[in-house]
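A short worksheet on the structure shown next.
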Amino acid sequence: MMKTRGCCASICQCFFEYSTPKILVIRSFKVGTLNRITQALVIAYVIGYVCVLNKGYQDTDAVLSSVTTKVKGIALTNTSDLGLRIWDVADYVIPPQEENSFFVLTNLLITLNQTQSHCPEVPKTGFDCTSDRDCKAGSRDTRGNGVQTGKCVKYSAVDKTCEVLAWCPLELDKEPPNPPMLADAENFTVLIKNSIRYPKFNFNKRNILPYVNKTYLEQCVFNRITDPDCPIFRLKDMVTEANEDFQTMAVHGGVMGVQIRWECDLDMPSSWCVPRYTFRRLDNKDPVNNVAPGYNFRFAKYYKNGNNEETRTLIKGFGIRFDVIVFGQAGKFNIVPTLLNVGTGLALLGLVTVVCDWIVLTCMTKKNIYNEEKYSYVDDFQLLSNETP
Amino acid sequence: MMKTRGCCASICQCFFEYSTPKILVIRSFKVGTLNRITQALVIAYVIGYVCVLNKGYQDTDAVLSSVTTKVKGIALTNTSDLGLRIWDVADYVIPPQEENSFFVLTNLLITLNQTQSHCPEVPKTGFDCTSDRDCKAGSRDTRGNGVQTGKCVKYSAVDKTCEVLAWCPLELDKEPPNPPMLADAENFTVLIKNSIRYPKFNFNKRNILPYVNKTYLEQCVFNRITDPDCPIFRLKDMVTEANEDFQTMAVHGGVMGVQIRWECDLDMPSSWCVPRYTFRRLDNKDPVNNVAPGYNFRFAKYYKNGNNEETRTLIKGFGIRFDVIVFGQAGKFNIVPTLLNVGTGLALLGLVTVVCDWIVLTCMTKKNIYNEEKYSYVDDFQLLSNETP
Amino acid sequence: MMKTRGCCASICQCFFEYSTPKILVIRSFKVGTLNRITQALVIAYVIGYVCVLNKGYQDTDAVLSSVTTKVKGIALTNTSDLGLRIWDVADYVIPPQEENSFFVLTNLLITLNQTQSHCPEVPKTGFDCTSDRDCKAGSRDTRGNGVQTGKCVKYSAVDKTCEVLAWCPLELDKEPPNPPMLADAENFTVLIKNSIRYPKFNFNKRNILPYVNKTYLEQCVFNRITDPDCPIFRLKDMVTEANEDFQTMAVHGGVMGVQIRWECDLDMPSSWCVPRYTFRRLDNKDPVNNVAPGYNFRFAKYYKNGNNEETRTLIKGFGIRFDVIVFGQAGKFNIVPTLLNVGTGLALLGLVTVVCDWIVLTCMTKKNIYNEEKYSYVDDFQLLSNETP
């Protein structure tokens with residue numbers, strides 16, 4: 001019975017033990033100063049940089065976003081092909097709706113009344129011919145516009161080219177008009193509605209801020225200084241903010257990034273979480289080291305004439321695609337990253353001891369005294385040494 | 001030679017040294033209990049919260065996703081303009097395919113037989129006139145529909161407005177029909193195919209789960225309780241799940257988020273990694289503090305009449321855009337985050353010593369004994385003190 | 001005054017103190033070796049795996065991307081419906097422009113000259129009838145093509161089906177042609193322009209690398225071995241790289257992922273940051289456990305005939321959608337993650353002492369000596385023990 005009690009007591013003793021390292025305190029100006037400065041540095045870093053600047057005490061989440069856009073404006077063109085013509089939103093936004101982007105037609109090359117028929121290729125190296133032998137029936141060149149029939153026909157008074165089966169007449173390979181046809185596009189406005197969500201924090205917000213009222217929205221235009229919260233943007237202003245010239249860009253088209261940044265500290269009032277708009281040209285305007293500069297694509301409107309034959313109007317449309325890029329992250333206090341950073345900070349304080357020990361025990365004049373006091377030895381080598389003759 | 005051996009032995013000694021701190025063990029009920037409780041708290045936090053709940057032992061990866069959608073259904077409308085008319089998928093899904101989203105037309109304002117010509121502006125402040133002097137040739141107002149010709153013409157028996165060059169007749173500025181024209185859209189179904197990939201773990205999956213067979217897929221409709229794995233959704237069900245009324249939403253249109261969440265623990269069987277569907281309205285339906293509520297856009301169908309003149313049918317289409325938002329992350333055991341968290345946990349255990357030491361050495365009755373045993377001193381200030389008179 | 005000085009001195013003493021743990025050094029082959037090996041393992045792990053392989057010293061950022069695409073090529077089809085017909089980019093890319101994806105039509109089922117009228121349903125279970133009583137006026141089945149009129153009419157010499165109001169003639173429910181109509185699509189090429197941005201590091205780059213010149217770009221085609229930097233891709237090559245057969249895939253369509261990976265170490269020269277292209281089929285081609293395999297959608301071209309009646313050509317288009325998926329992350333040296341990892345490494349070194357201590361103090365033969373030297377005791381239980389009888 002005594003034995004059980006003894007065992008019990010021993011376990012108790014073990015449980016109610018507290019182990020703490022024995023400490024040697026060195027009282028010295030030099031060593032103390034060194035120690036305190038190093039400690040101060042580490043603590044300042046952990047608190048100042050990690051916790052305050054990098055918000056190490058916060059859990060973060062990436063943004064989920066939804067964007068709708070609505071362009072407004074009218075453009076007038078006057079060409080020999082089309083005469084005086086009005087372009088409205090149904091004409092110049094192609095396709096009529098997209099998810100995070102919209103395209104505004106600013107310039108175009110139009111080829112009217114194309115039908116599936118035969119016509120001579122556009123003169124280019126490889127399509128010129130002098131007789132039918134130069135043309136190969138069935139050949140389809142990726143640079144060409146159709147399938148060769150094998151005949152060599154007159155393209156103009158001087159040129160002969162291979163005949164092709166294609167949508168004829170062919171589109172002429174020429175530069176887009178300069179100034180651009182829809183030069184009026186610079187005054188178009190676009191309303192960008194963006195609603196965001198941080199799923200981890202169940203936080204929703206949209207870019208029409210609570211204090212913005214309907215009357216204001218009906219007449220405002222974004223201006224970084226006077227109207228920074230208006231979600232209606234003039235196309236020219238966006239391009240200008242990206243240090244580009246609208247009329248120059250409109251000729252060959254291009255891609256603009258409308259960046260909406262939501263950097264939210266959800267420990268602060270939610271009204272502080274506001275979108276920041278920036279604009280950037282995304283494509284490369286540099287003519288060197290580039291192919292197909294700008295942004296264009298071909299599309300067609302299909303008609304049927306009286307004979308039930310299909311004709312089409314081919315349009316090579318140049319224009320500006322605006323990609324609405326929503327990014328940013330939200331942070332909110334969370335105990336896990338906080339303790340992670342506190343733990344790391346403590347570990348770094350351990351580094352202080354390592355550094356100071358090294359200096360104290362190797363560089364100080366009294367290093368022998370310190371060494372003696374700090375270290376005790378249990379030496380197994382004495383046995384070993386004795387064994388060696 | 002003896003010297004070399006001595007040197008050698010010294011390096012050997014140094015290498016085969018093991019330094020361990022000298023420990024003062026305090027056997028005391030109070031101190032021991034305090035120590036064990038604090039330790040238990042830290043260990044419980046590290047294991048329970050960080051490792052189990054937050055899965056701190058896992059490396060994570062964000063999802064890459066591909067979505068295709070296919071809408072099915074037929075709607076019937078009966079209007080004075082169009083008569084009895086059937087709408088099928090080629091009519092009401094605009095554009096016919098998109099990457100992560102699809103739009104279903106639910107309501108529309110149609111303006112038939114527009115041509116490029118002259119007509120009086122729609123009466124609005126700014127467009128009313130009494131004589132030609134009130135109109136300015138070439139003026140294009142962003143709220144207007146065309147370019148003014150400078151004439152003042154009769155709009156109706158009582159109103160006179162400025163004449164414009166535009167697509168005439170102009171669209172009337174009226175509210176969309178209520179109930180919505182394509183009210184039948186509530187019964188349309190959509191098949192959403194989603195395949196995802198976690199590139200870091202080379203893991204692929206799709207939302208048609210392995211045990212779902214073709215027969216089931218041909219007739220099932222998603223239901224959170226009875227058919228939670230069916231990837232075919234009735235439009236009305238999706239809107240209802242977001243606590244909205246389909247017919248109300250259909251009038252002015254809107255944006256719905258179809259959120260597919262893939263939260264996968266890849267340490268578990270891959271069959272546990274299944275999609276979770278949630279639905280949320282993304283646009284703001286609140287009429288206060290809003291412009292252009294709902295979701296609509298204008299598009300046109302272009303025709304040529306017998307005289308080769310272009311006419312168009314302008315449609316202001318209201319409808320619901322469904323954005324398929326795929327998110328989530330996968331986690332899999334990885335030694336790096338595990339050791340990161342273990343390291344941090346150990347560092348936090350160091351915090352226990354700091355806290356307990358402070359309590360033991362300042363608050364306990366026997367603190368002097370503890371202090372004496374724990375600390376030894378090497379005092380450089382004695383010299384200093386002796387120097388001061 | 002003496003007291004103030006005494007107090008001052010005491011604070012001074014406290015400030016200029018340096019506390020360092022007292023260390024017991026055990027000189028032993030076994031223990032030393034164990035210690036050094038464990039230390040080496042931890043240090044090797046921290047430096048080798050965390051810092052070098054996982055680049056733990058770097059801050060990371062996710063990529064922002066913008067993509068434009070331009071498809072080129074001509075296809076020739078010869079069918080009884082359409083005769084000999086050329087397809088160019090305006091015909092087969094639908095919609096003409098998208099943000100991060102493009103669709104190429106490879107096969108189609110065409111239904112010409114549809115008008116809003118009455119016609120018998122396509123024979124299917126549920127639509128067969130023998131008399132008007134089998135058909136329900138106003139019924140609209142989701143599998144059907146229109147709204148039933150309630151009449152039972154002849155579909156063919158043998159079949160009678162319910163009459164519907166629909167776009168008539170109805171599309172026949174048949175398999176797409178095999179070989180695909182636009183088999184030529186395999187030789188189409190696409191120019192993919194991708195410009196990326198790492199906003200945190202203000203780093204921009206595009207996939208047309210600086211040393212690539214215009215002449216090269218005008219004639220190159222991507223090839224993993226000979227032309228790995230050419231941004232022009234032949235459609236067939238992309239499909240082949242994904243281990244699929246283009247002609248097979250073209251019949252029913254599908255979804256291809258064009259993955260562009262930008263893994264950039266911004267501590268290295270920026271010229272080392274180059275895109276890596278990989279191709280993967282994203283949809284499921286497995287016919288088991290699948291509905292609507294492949295990728296297709298319906299769209300229509302609308303015409304007006306001489307009587308101002310609307311007719312349309314319905315096209316069920318099969319084709320390959322190419323989703324351009326840009327991903328990757330950039331890393332750059334940053335002091336915060338570096339110190340986080342160093343701190344964790346140090347904490348793990350603390351683990352070494354724990355493990356070695358346990359071995360030394362419980363398994364070694366001289367454990368009693370070590371224990372005696374390492375631990376001192378302050379025992380509160382003596383009092384307790386004395387009290388117990």
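Naming scheme: A, B, ... for chains in displayed order of the structure tokens; residues 1 onward per chain; ligands 1 onward as shown.
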
Pull out every residue of chain B sitting within 6 Å of chain C, counting only C-alpha atoms, and send them as an mmCIF file with all heavy atoms, in the first residue's frame.
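result.cif, written as the output of this step:
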```cif
data_model
loop_
_atom_site.group_PDB
_atom_site.id
_atom_site.type_symbol
_atom_site.label_atom_id
_atom_site.label_comp_id
_atom_site.auth_asym_id
_atom_site.auth_seq_id
_atom_site.Cartn_x
_atom_site.Cartn_y
_atom_site.Cartn_z
ATOM 1 N N PHE B 16 31.415 16.644 -31.243
ATOM 2 C CA PHE B 16 30.623 15.643 -30.529
ATOM 3 C C PHE B 16 30.044 16.171 -29.211
ATOM 4 O O PHE B 16 29.771 15.426 -28.299
ATOM 5 C CB PHE B 16 31.465 14.374 -30.286
ATOM 6 C CG PHE B 16 31.748 13.646 -31.554
ATOM 7 C CD1 PHE B 16 33.031 13.543 -32.067
ATOM 8 C CD2 PHE B 16 30.698 13.071 -32.266
ATOM 9 C CE1 PHE B 16 33.271 12.870 -33.259
ATOM 10 C CE2 PHE B 16 30.948 12.399 -33.447
ATOM 11 C CZ PHE B 16 32.227 12.306 -33.952
ATOM 12 N N GLU B 17 29.902 17.482 -29.172
ATOM 13 C CA GLU B 17 29.275 18.100 -28.011
ATOM 14 C C GLU B 17 27.774 18.180 -28.186
ATOM 15 O O GLU B 17 27.273 18.351 -29.292
ATOM 16 C CB GLU B 17 29.786 19.531 -27.853
ATOM 17 C CG GLU B 17 30.998 19.641 -26.966
ATOM 18 C CD GLU B 17 31.467 21.077 -26.914
ATOM 19 O OE1 GLU B 17 30.684 21.963 -27.314
ATOM 20 O OE2 GLU B 17 32.587 21.311 -26.509
ATOM 21 N N TYR B 18 27.050 18.079 -27.097
ATOM 22 C CA TYR B 18 25.619 18.348 -27.169
ATOM 23 C C TYR B 18 25.270 19.351 -26.071
ATOM 24 O O TYR B 18 25.518 19.089 -24.890
ATOM 25 C CB TYR B 18 24.817 17.060 -26.989
ATOM 26 C CG TYR B 18 23.360 17.317 -26.781
ATOM 27 C CD1 TYR B 18 22.630 18.036 -27.734
ATOM 28 C CD2 TYR B 18 22.705 16.857 -25.653
ATOM 29 C CE1 TYR B 18 21.291 18.291 -27.546
ATOM 30 C CE2 TYR B 18 21.361 17.100 -25.462
ATOM 31 C CZ TYR B 18 20.657 17.826 -26.414
ATOM 32 O OH TYR B 18 19.340 18.080 -26.234
ATOM 33 N N SER B 19 24.750 20.483 -26.480
ATOM 34 C CA SER B 19 24.430 21.528 -25.515
ATOM 35 C C SER B 19 22.959 21.450 -25.157
ATOM 36 O O SER B 19 22.102 21.456 -26.034
ATOM 37 C CB SER B 19 24.695 22.895 -26.121
ATOM 38 O OG SER B 19 26.038 22.997 -26.497
ATOM 39 N N THR B 20 22.689 21.395 -23.864
ATOM 40 C CA THR B 20 21.294 21.376 -23.443
ATOM 41 C C THR B 20 21.165 22.338 -22.274
ATOM 42 O O THR B 20 22.057 22.401 -21.426
ATOM 43 C CB THR B 20 20.861 19.944 -23.066
ATOM 44 O OG1 THR B 20 19.523 19.976 -22.650
ATOM 45 C CG2 THR B 20 21.729 19.344 -21.981
ATOM 46 N N PRO B 21 20.127 23.130 -22.245
ATOM 47 C CA PRO B 21 20.035 24.121 -21.171
ATOM 48 C C PRO B 21 19.868 23.435 -19.819
ATOM 49 O O PRO B 21 19.251 22.375 -19.715
ATOM 50 C CB PRO B 21 18.796 24.936 -21.539
ATOM 51 C CG PRO B 21 18.031 24.112 -22.494
ATOM 52 C CD PRO B 21 19.018 23.229 -23.193
ATOM 53 N N LYS B 22 20.423 24.067 -18.800
ATOM 54 C CA LYS B 22 20.229 23.557 -17.441
ATOM 55 C C LYS B 22 18.863 24.024 -16.964
ATOM 56 O O LYS B 22 18.455 25.163 -17.211
ATOM 57 C CB LYS B 22 21.328 24.075 -16.514
ATOM 58 C CG LYS B 22 22.696 23.551 -16.910
ATOM 59 C CD LYS B 22 23.782 24.051 -16.007
ATOM 60 C CE LYS B 22 23.883 23.208 -14.739
ATOM 61 N NZ LYS B 22 25.143 23.529 -14.008
ATOM 62 N N ILE B 23 18.183 23.128 -16.330
ATOM 63 C CA ILE B 23 16.783 23.385 -16.014
ATOM 64 C C ILE B 23 16.587 23.405 -14.508
ATOM 65 O O ILE B 23 17.158 22.582 -13.787
ATOM 66 C CB ILE B 23 15.905 22.275 -16.633
ATOM 67 C CG1 ILE B 23 16.057 22.241 -18.157
ATOM 68 C CG2 ILE B 23 14.441 22.428 -16.238
ATOM 69 C CD1 ILE B 23 15.522 23.436 -18.875
ATOM 70 N N LEU B 24 15.819 24.370 -14.064
ATOM 71 C CA LEU B 24 15.401 24.390 -12.671
ATOM 72 C C LEU B 24 13.979 23.846 -12.622
ATOM 73 O O LEU B 24 13.087 24.371 -13.308
ATOM 74 C CB LEU B 24 15.413 25.821 -12.134
ATOM 75 C CG LEU B 24 14.795 26.003 -10.753
ATOM 76 C CD1 LEU B 24 15.698 25.378 -9.683
ATOM 77 C CD2 LEU B 24 14.582 27.479 -10.467
ATOM 78 N N VAL B 25 13.790 22.766 -11.909
ATOM 79 C CA VAL B 25 12.450 22.198 -11.807
ATOM 80 C C VAL B 25 11.811 22.667 -10.507
ATOM 81 O O VAL B 25 12.376 22.465 -9.426
ATOM 82 C CB VAL B 25 12.496 20.661 -11.838
ATOM 83 C CG1 VAL B 25 11.098 20.093 -11.708
ATOM 84 C CG2 VAL B 25 13.140 20.194 -13.117
ATOM 85 N N ILE B 26 10.676 23.332 -10.606
ATOM 86 C CA ILE B 26 9.969 23.794 -9.420
ATOM 87 C C ILE B 26 8.814 22.838 -9.178
ATOM 88 O O ILE B 26 7.947 22.674 -10.053
ATOM 89 C CB ILE B 26 9.450 25.221 -9.616
ATOM 90 C CG1 ILE B 26 10.641 26.160 -9.859
ATOM 91 C CG2 ILE B 26 8.642 25.683 -8.411
ATOM 92 C CD1 ILE B 26 10.251 27.574 -10.177
ATOM 93 N N ARG B 27 8.831 22.194 -8.056
ATOM 94 C CA ARG B 27 7.742 21.267 -7.739
ATOM 95 C C ARG B 27 6.777 21.972 -6.821
ATOM 96 O O ARG B 27 7.069 22.228 -5.656
ATOM 97 C CB ARG B 27 8.300 20.028 -7.061
ATOM 98 C CG ARG B 27 9.039 19.151 -8.057
ATOM 99 C CD ARG B 27 9.657 17.971 -7.376
ATOM 100 N NE ARG B 27 10.155 17.039 -8.362
ATOM 101 C CZ ARG B 27 11.123 16.151 -8.103
ATOM 102 N NH1 ARG B 27 11.679 16.099 -6.912
ATOM 103 N NH2 ARG B 27 11.515 15.333 -9.044
ATOM 104 N N SER B 28 5.635 22.331 -7.406
ATOM 105 C CA SER B 28 4.674 23.127 -6.632
ATOM 106 C C SER B 28 3.307 22.915 -7.238
ATOM 107 O O SER B 28 3.157 22.850 -8.468
ATOM 108 C CB SER B 28 5.071 24.606 -6.709
ATOM 109 O OG SER B 28 3.950 25.424 -6.561
ATOM 110 N N GLY B 73 -36.097 25.052 -73.929
ATOM 111 C CA GLY B 73 -37.433 25.531 -73.600
ATOM 112 C C GLY B 73 -38.010 26.360 -74.728
ATOM 113 O O GLY B 73 -37.302 26.822 -75.624
ATOM 114 N N ILE B 86 -43.521 32.086 -81.595
ATOM 115 C CA ILE B 86 -42.773 31.127 -80.789
ATOM 116 C C ILE B 86 -41.338 31.615 -80.631
ATOM 117 O O ILE B 86 -40.749 32.101 -81.592
ATOM 118 C CB ILE B 86 -42.758 29.760 -81.511
ATOM 119 C CG1 ILE B 86 -44.106 29.093 -81.424
ATOM 120 C CG2 ILE B 86 -41.672 28.845 -80.994
ATOM 121 C CD1 ILE B 86 -44.424 28.588 -80.045
ATOM 122 N N ALA B 90 -32.588 29.647 -80.090
ATOM 123 C CA ALA B 90 -31.828 30.491 -81.013
ATOM 124 C C ALA B 90 -32.333 31.926 -80.984
ATOM 125 O O ALA B 90 -31.632 32.859 -81.387
ATOM 126 C CB ALA B 90 -31.909 29.931 -82.434
ATOM 127 N N PRO B 96 -25.273 33.596 -78.786
ATOM 128 C CA PRO B 96 -25.617 32.179 -78.698
ATOM 129 C C PRO B 96 -24.695 31.373 -77.791
ATOM 130 O O PRO B 96 -25.087 30.325 -77.298
ATOM 131 C CB PRO B 96 -25.528 31.687 -80.141
ATOM 132 C CG PRO B 96 -24.782 32.720 -80.890
ATOM 133 C CD PRO B 96 -25.024 34.015 -80.183
ATOM 134 N N ASN B 213 -26.135 8.361 -64.158
ATOM 135 C CA ASN B 213 -26.167 7.753 -65.485
ATOM 136 C C ASN B 213 -27.013 8.555 -66.464
ATOM 137 O O ASN B 213 -27.700 9.503 -66.106
ATOM 138 C CB ASN B 213 -26.627 6.296 -65.409
ATOM 139 C CG ASN B 213 -28.042 6.195 -64.895
ATOM 140 O OD1 ASN B 213 -28.918 6.991 -65.253
ATOM 141 N ND2 ASN B 213 -28.286 5.204 -64.048
ATOM 142 N N LYS B 214 -26.904 8.164 -67.720
ATOM 143 C CA LYS B 214 -27.486 8.923 -68.813
ATOM 144 C C LYS B 214 -29.005 9.026 -68.713
ATOM 145 O O LYS B 214 -29.577 10.083 -68.970
ATOM 146 C CB LYS B 214 -27.082 8.223 -70.113
ATOM 147 C CG LYS B 214 -27.110 9.136 -71.301
ATOM 148 C CD LYS B 214 -26.401 8.520 -72.482
ATOM 149 C CE LYS B 214 -26.606 9.365 -73.716
ATOM 150 N NZ LYS B 214 -25.707 8.989 -74.801
ATOM 151 N N LEU B 340 5.689 24.198 -40.871
ATOM 152 C CA LEU B 340 5.505 25.619 -40.568
ATOM 153 C C LEU B 340 4.608 25.780 -39.357
ATOM 154 O O LEU B 340 4.890 26.540 -38.433
ATOM 155 C CB LEU B 340 4.870 26.327 -41.773
ATOM 156 C CG LEU B 340 4.804 27.847 -41.688
ATOM 157 C CD1 LEU B 340 6.089 28.472 -42.178
ATOM 158 C CD2 LEU B 340 3.637 28.399 -42.481
ATOM 159 N N GLY B 343 6.316 24.316 -36.189
ATOM 160 C CA GLY B 343 7.313 25.278 -35.733
ATOM 161 C C GLY B 343 6.664 26.420 -34.972
ATOM 162 O O GLY B 343 7.104 26.805 -33.892
ATOM 163 N N ALA B 347 7.030 27.535 -31.061
ATOM 164 C CA ALA B 347 7.382 28.889 -30.661
ATOM 165 C C ALA B 347 6.356 29.412 -29.657
ATOM 166 O O ALA B 347 6.696 30.090 -28.685
ATOM 167 C CB ALA B 347 7.452 29.793 -31.886
#
```

Item to check | Residues within 10 Å of Leu209 (chain A), only C-alpha atoms, excluding chain neighbours under 3 positions, as a ChimeraX atom specification | outcome: /A:205-206,212-213,229-231,271,273-275 /B:289-290

Checklist entry - Can you list, as an MDAnalysis selection string, every residue of region 118-307 of chain C that DSSP puts in strand (DSSP E)? => result chainID C and resid 118:120 147:154 160:168 189:198 203:206 232:234 254:262 264:265 275:281 296:304

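Distance annotation: of A:Asp286, A:Glu121, A:Glu372, A:Asp91, the residue with the minimal separation from Pro210 (chain C) is A:Asp286; atom set is only C-alpha atoms.
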
Item to check | Distance of CA of Lys160 (chain B) from CA of Asp132 (chain B), expressed in Å to one decimal place | outcome: 10.3 Å

Next on the checklist: Please return, as an MDAnalysis selection string, all residues of region 61-277 of chain B that DSSP assigns to helix (DSSP H, G or I) on the basis of the backbone.
Outcome noted: chainID B and resid 89:92 132:134 183:187 199:201 214:219 235:241 246:252 270:272

Would you put the residues from that selection into a file with N, CA and C atoms, as a short mmCIF file (atom, residue, chain, number, x, y, z; two decimals), in the first residue's frame?
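Here's the written file result-v4.cif:
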```cif
data_model
loop_
_atom_site.label_atom_id
_atom_site.label_comp_id
_atom_site.auth_asym_id
_atom_site.auth_seq_id
_atom_site.Cartn_x
_atom_site.Cartn_y
_atom_site.Cartn_z
N VAL B 89 -34.57 28.57 -78.43
CA VAL B 89 -33.26 28.90 -77.87
C VAL B 89 -32.43 29.80 -78.78
N ALA B 90 -32.59 29.65 -80.09
CA ALA B 90 -31.83 30.49 -81.01
C ALA B 90 -32.33 31.93 -80.98
N ASP B 91 -33.55 32.13 -80.49
CA ASP B 91 -34.12 33.48 -80.42
C ASP B 91 -33.78 34.20 -79.12
N TYR B 92 -33.79 33.45 -78.01
CA TYR B 92 -33.71 34.15 -76.72
C TYR B 92 -32.38 34.04 -75.99
N ASP B 132 -37.69 76.42 -85.76
CA ASP B 132 -36.38 75.87 -86.14
C ASP B 132 -35.24 76.46 -85.33
N ARG B 133 -35.47 77.69 -84.80
CA ARG B 133 -34.40 78.33 -84.05
C ARG B 133 -34.06 77.57 -82.75
N ASP B 134 -35.00 76.80 -82.24
CA ASP B 134 -34.75 76.04 -81.00
C ASP B 134 -33.87 74.81 -81.25
N ALA B 183 -42.88 35.18 -70.22
CA ALA B 183 -43.14 34.68 -68.87
C ALA B 183 -42.86 33.17 -68.80
N ASP B 184 -43.00 32.49 -69.94
CA ASP B 184 -42.74 31.05 -69.99
C ASP B 184 -41.30 30.70 -69.64
N ALA B 185 -40.42 31.71 -69.64
CA ALA B 185 -38.99 31.43 -69.40
C ALA B 185 -38.75 30.76 -68.06
N GLU B 186 -39.70 30.91 -67.14
CA GLU B 186 -39.49 30.32 -65.81
C GLU B 186 -39.36 28.80 -65.87
N ASN B 187 -39.93 28.20 -66.91
CA ASN B 187 -39.84 26.75 -67.03
C ASN B 187 -38.68 26.27 -67.89
N PRO B 199 -4.36 22.29 -60.73
CA PRO B 199 -3.12 21.95 -61.44
C PRO B 199 -2.01 21.46 -60.51
N LYS B 200 -1.91 21.99 -59.29
CA LYS B 200 -0.81 21.61 -58.40
C LYS B 200 -0.89 20.14 -58.02
N PHE B 201 -2.12 19.60 -57.94
CA PHE B 201 -2.29 18.21 -57.53
C PHE B 201 -2.66 17.31 -58.71
N LYS B 214 -26.90 8.16 -67.72
CA LYS B 214 -27.49 8.92 -68.81
C LYS B 214 -29.00 9.03 -68.71
N THR B 215 -29.64 7.94 -68.36
CA THR B 215 -31.11 7.93 -68.25
C THR B 215 -31.57 8.96 -67.24
N TYR B 216 -30.88 8.97 -66.09
CA TYR B 216 -31.22 9.92 -65.04
C TYR B 216 -31.04 11.35 -65.54
N LEU B 217 -29.92 11.58 -66.23
CA LEU B 217 -29.62 12.94 -66.71
C LEU B 217 -30.64 13.44 -67.71
N GLU B 218 -31.27 12.51 -68.43
CA GLU B 218 -32.20 12.95 -69.47
C GLU B 218 -33.52 13.46 -68.91
N GLN B 219 -33.81 13.14 -67.63
CA GLN B 219 -35.11 13.59 -67.13
C GLN B 219 -35.05 14.30 -65.78
N LEU B 235 -34.93 27.47 -64.46
CA LEU B 235 -34.57 28.87 -64.20
C LEU B 235 -35.32 29.41 -62.99
N LYS B 236 -36.61 29.06 -62.89
CA LYS B 236 -37.39 29.58 -61.78
C LYS B 236 -36.84 29.11 -60.43
N ASP B 237 -36.42 27.83 -60.36
CA ASP B 237 -35.88 27.30 -59.12
C ASP B 237 -34.65 28.08 -58.67
N MET B 238 -33.79 28.40 -59.64
CA MET B 238 -32.57 29.13 -59.30
C MET B 238 -32.91 30.49 -58.72
N VAL B 239 -33.86 31.18 -59.36
CA VAL B 239 -34.24 32.51 -58.88
C VAL B 239 -34.92 32.41 -57.52
N THR B 240 -35.74 31.39 -57.34
CA THR B 240 -36.44 31.22 -56.06
C THR B 240 -35.45 30.95 -54.93
N GLU B 241 -34.44 30.13 -55.22
CA GLU B 241 -33.43 29.84 -54.19
C GLU B 241 -32.71 31.10 -53.73
N PHE B 246 -39.43 35.15 -59.78
CA PHE B 246 -39.00 35.12 -61.18
C PHE B 246 -39.75 36.13 -62.04
N GLN B 247 -41.06 36.15 -61.92
CA GLN B 247 -41.85 37.02 -62.80
C GLN B 247 -41.54 38.49 -62.56
N THR B 248 -41.29 38.87 -61.30
CA THR B 248 -40.92 40.25 -61.01
C THR B 248 -39.56 40.57 -61.60
N MET B 249 -38.62 39.65 -61.41
CA MET B 249 -37.26 39.87 -61.90
C MET B 249 -37.25 39.90 -63.43
N ALA B 250 -38.14 39.12 -64.05
CA ALA B 250 -38.14 39.00 -65.51
C ALA B 250 -38.53 40.30 -66.19
N VAL B 251 -39.29 41.15 -65.51
CA VAL B 251 -39.77 42.39 -66.15
C VAL B 251 -38.62 43.29 -66.54
N HIS B 252 -37.75 43.62 -65.57
CA HIS B 252 -36.63 44.51 -65.86
C HIS B 252 -35.31 43.76 -66.05
N SER B 270 -11.56 10.79 -53.39
CA SER B 270 -11.92 11.86 -54.32
C SER B 270 -13.43 11.93 -54.53
N SER B 271 -14.14 10.89 -54.15
CA SER B 271 -15.60 10.93 -54.32
C SER B 271 -16.25 11.88 -53.31
N TRP B 272 -15.49 12.29 -52.29
CA TRP B 272 -16.02 13.26 -51.33
C TRP B 272 -15.95 14.68 -51.86
#
```

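One distance worth recording is that between CA of Thr278 (chain B) and CA of Gln259 (chain B), which is 5.1 Å.
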
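Counting only C-alpha atoms and comparing B:Tyr211, B:Phe233, B:Tyr155, B:Trp262, the residue that lies closest to Ile196 (chain B) is B:Trp262.
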
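Picture a line from CA of Gln114 (chain C) to CA of Pro176 (chain C); it runs 19.3 Å.
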